[in-house]
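Structure first, then comments.
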Amino acid sequence: MTTLKIEQVSRTFPARHGNAPTRALEPTDLTIGNNDFVTILGPSGCGKSTLLRIVAGLDRPTGGRVTLDGREVTGPGADRGMVFQSYTLFPWLTVRENIAFGLRERGVPQAERYKIADAFIRQVGLSGFENHWPKQLSGGMQQRTAIARALANDPKILLLDEPFGALDNQTRALMQEMLLGIWERDQKTVLFVTHDIEEAIFLGSRVVVMSARPGRIKAEIAVDLPHPRSYKIKTTPEFVQLKERLVEEIRTEALKVAEHA
Amino acid sequence: MRPLDPVTSKQRAAYGLAFFVLFVALWSWATFGGHVSKTFLANPLTMVQEGVELLSKHGFLFDIGMTIWRVLGGFVLAAIIAVPLGVLMGAYKPVEAFLEPFVSFARYLPASAFIPLLILWAGIGELQKLLVIFIGSVFQIILMIAVTVGATRRDLVEAAYTLGARDRGIIRRVLLPSSAPEIAEILRLVLGWAWTYVIVAELIGSSSGIGHMITDSQALLNTGQIIFGIIVIGLIGLVSDFLFKAFNAWLFPWKLA
């Protein structure tokens, strides 16, 4: 059982060049239960990535705390796998070696870690590319490898920071289906950050809407669409209704940002 | 010809060779045509004859061997010390803050100016030659490697942390492999500079080596031998550079993929 608790977490970036300090994140509370798929939706600059980085342990909160199964997060660790928006495969390692990286850090023997890696390679549909260098892969393939790399470590929670943000629309849709398929099959606790409304609804069991400057949680909307979900669900009335509601929520926030810019 | 248009490898080789031909042609025109006095510049043919004589009668091969061993010896010594130090400086900011100002200062100390001191300290034996190369190379390598390692992509380091890597793992399995091709390039570059230091070291207080032969030839006004010596250095540099490049390409296939 996995429970992630975000309690009164805030982040203020210190003043620079005489500017006032930036309040990136107001005190925020959020609880994510076992096998939850929570998407955090918000315009750019709403602190959603900051929140995710704090959960990952890559950034420290100014106030509050994050606990995973009761243990406070003080730094990055293998129990919280992360997929970044930028392509972060290690260019000097092959696809298989990249996926086995975390296992290697844990001291798993080579034969075993390659066995595990190969299973994930099949799962993300990269069979035949085991020995390719990241440079030889398309953006979508690189992100699939990155997802497999995070999953191979068997983290308690998977954190994704706009992982499909740099991909074209068609590839993005396929990647969403693949990720959702993995979640439906294997059940994982997932926290997924995005600015794409459709993506947030399609993937999430719950959409957390964040407001901009200072960033804080504005609304939480349950997505009661049945599983397994196929891409066809995106045109159902229920989906469209949810989308309309979220468009309104996000629009007001985007307008606020535009006015301040 | 258009900006940034590539050339085929055949064309590249042909163009490269063409300049050497042009160079020798100009040299021949200046010397055979009598435009430059023999005293100042030997013609290509004389140079080759002098070279053959050097190799067959004066044991010039031994001098070449001595010079190569000095360059490699001093360079390897410098690399053994400088690479780990540079990596440490790049990885740990306090170490960098501690050493960087001194290394930056030491980098500007001309190696050749140390020769009189080094003769005083280490005599005129091999150790002194190695030390000149060492001083000339070690600070350059440290500084460049520190910069390279320090510029490792942050997102790769963060990714490794979220995969459970600890400090040792970050250094050994992220910072080192990601900087390795750059480190190899730095070593290739500095090896080239080491060649200029060795000749200077051999010009003073030496009884063997290419530099020594060049000073001897100067006393005899034998410009053919001097030029032959210089060309030999150039050729060795070209070959070592080529080998280094091929070795790097073999070592880092992921760079080229």
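Please note that chains go A, B, ... in the order of the structure tokens, that every chain numbers its residues from 1, and that ligands are numbered from 1 in the order shown.
Using only C-alpha atoms, the contacts of Leu126 in chain A at a cut-off of 9 Å, with sequence neighbours closer than 3 positions omitted, comprise Val95, Phe120, Ile121, Arg122, Gln123, Phe129, Glu130, Met141, Arg144 and Thr145 of chain A.
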So that I have them on file, write out the residues from the current selection with C-alpha atoms, as a compact mmCIF listing (two decimals), in the first residue's frame.
# COMPACT_ATOMS: atom_id res chain seq x y z
CA VAL A 95 18.32 1.13 -24.48
CA PHE A 120 10.02 -3.84 -19.91
CA ILE A 121 11.39 -3.37 -23.41
CA ARG A 122 8.65 -5.71 -24.65
CA GLN A 123 6.07 -3.91 -22.55
CA PHE A 129 15.96 -1.80 -30.19
CA GLU A 130 17.69 -3.25 -27.11
CA MET A 141 10.84 5.94 -28.39
CA ARG A 144 9.06 5.05 -23.83
CA THR A 145 12.54 3.98 -22.79
Counting only C-alpha atoms, which residues of chain B come no farther than 12 Å from chain A, as a ChimeraX atom specification?
/B:152-170,172-181,251-257
What are the DSSP alpha helix (DSSP H) residues of range 6-180 of chain A, as a PyMOL selection string?
chain A and resi 48-56+95-99+101-105+110-123+139-152+169-180
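Here the residues within range 136-209 of chain A that DSSP labels strand (DSSP E) on the basis of the backbone are Ile157, Leu158, Leu159, Leu160, Asp161, Thr189, Val190, Leu191, Phe192, Val193, Thr194, Arg206, Val207, Val208 and Val209 of chain A.
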Keeping N, CA and C atoms, export the residues of the selection given above as a short mmCIF file (atom, residue, chain, number, x, y, z; two decimals), in the first residue's frame.
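This went into again11.cif:
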data_model
loop_
_atom_site.label_atom_id
_atom_site.label_comp_id
_atom_site.auth_asym_id
_atom_site.auth_seq_id
_atom_site.Cartn_x
_atom_site.Cartn_y
_atom_site.Cartn_z
N ILE A 157 5.92 5.00 -6.36
CA ILE A 157 5.11 5.98 -7.09
C ILE A 157 5.89 6.44 -8.32
N LEU A 158 5.14 6.63 -9.41
CA LEU A 158 5.77 7.09 -10.64
C LEU A 158 5.41 8.55 -10.85
N LEU A 159 6.42 9.40 -10.99
CA LEU A 159 6.20 10.83 -11.19
C LEU A 159 6.52 11.17 -12.64
N LEU A 160 5.58 11.83 -13.31
CA LEU A 160 5.83 12.18 -14.70
C LEU A 160 5.62 13.68 -14.89
N ASP A 161 6.66 14.35 -15.40
CA ASP A 161 6.62 15.80 -15.57
C ASP A 161 6.46 16.14 -17.05
N THR A 189 0.91 3.60 -8.49
CA THR A 189 0.52 4.92 -8.02
C THR A 189 1.24 5.93 -8.91
N VAL A 190 0.46 6.82 -9.53
CA VAL A 190 1.06 7.72 -10.52
C VAL A 190 0.65 9.17 -10.25
N LEU A 191 1.63 10.06 -10.35
CA LEU A 191 1.38 11.50 -10.29
C LEU A 191 1.89 12.08 -11.60
N PHE A 192 0.98 12.65 -12.36
CA PHE A 192 1.28 13.05 -13.74
C PHE A 192 0.99 14.53 -13.93
N VAL A 193 2.02 15.29 -14.28
CA VAL A 193 1.86 16.73 -14.47
C VAL A 193 1.70 17.05 -15.95
N THR A 194 0.72 17.87 -16.29
CA THR A 194 0.53 18.23 -17.70
C THR A 194 -0.17 19.58 -17.81
N ARG A 206 -8.27 11.23 -11.21
CA ARG A 206 -8.56 12.48 -10.52
C ARG A 206 -7.72 13.57 -11.18
N VAL A 207 -8.35 14.71 -11.47
CA VAL A 207 -7.59 15.82 -12.03
C VAL A 207 -7.50 16.92 -10.98
N VAL A 208 -6.28 17.32 -10.67
CA VAL A 208 -6.06 18.41 -9.73
C VAL A 208 -5.71 19.65 -10.55
N VAL A 209 -6.57 20.67 -10.46
CA VAL A 209 -6.33 21.88 -11.24
C VAL A 209 -5.57 22.89 -10.39
#
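Of the listed residues (B:Pro44, B:Gly136, B:Pro94, B:Gly51), B:Gly51 comes nearest to Phe228 in chain B; the distances count only C-alpha atoms.
Proximity to Trp69 in chain B at 12 Å, evaluated using only C-alpha atoms and with sequence-adjacent residues fewer than 3 positions away removed, yields Phe62, Asp63, Ile64, Gly65, Met66, Leu72, Gly73, Gly74, Phe75, Val76, Leu77, Glu126, Leu127, Lys129, Leu130, Ile133, Ala194, Trp195, Val198, Ser208, Gly209 and Ile210 of chain B.
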Shell of 9 Å around Leu54 in chain B, only C-alpha atoms, local chain residues under 6 positions omitted, as a count of residues only:
3
Surrounding residues of range 216-223 of chain B excluding itself and chain neighbours under 2 positions, 6 Å, only C-alpha atoms, as a PyMOL selection string:
chain B and resi 41-42+213-214+225-226
Residue nearest Glu100 in chain B among B:Leu243, B:Leu187, B:Val7, B:Met144 (counting only C-alpha atoms)
B:Met144
Just the residues within 9 Å of range 246-250 of chain A, please, counting only C-alpha atoms, with nothing from its chain fewer than 3 positions along; format it as an MDAnalysis selection string.
chainID A and resid 41:43 197 209:211 218:219 221 241:243 253:255
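Every protein, DNA or RNA residue with an atom at most 8 Å from Glu198 in chain A, where only C-alpha atoms count and chain neighbours fewer than 2 positions away do not, is listed here: Asp196, Ala200, Ile201, Phe202, Lys234 and Lys243 of chain A.
Here CA of Asn169 in chain A stands at a distance of 21.1 Å from CA of Arg251 in chain A.
As for CA of Ile230 in chain B and CA of Ala14 in chain B, they are spaced 23.8 Å apart.
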What separation in Å, quoted to one decimal, exists between CA of Thr46 in chain B and CA of Ser206 in chain B?
26.2 Å
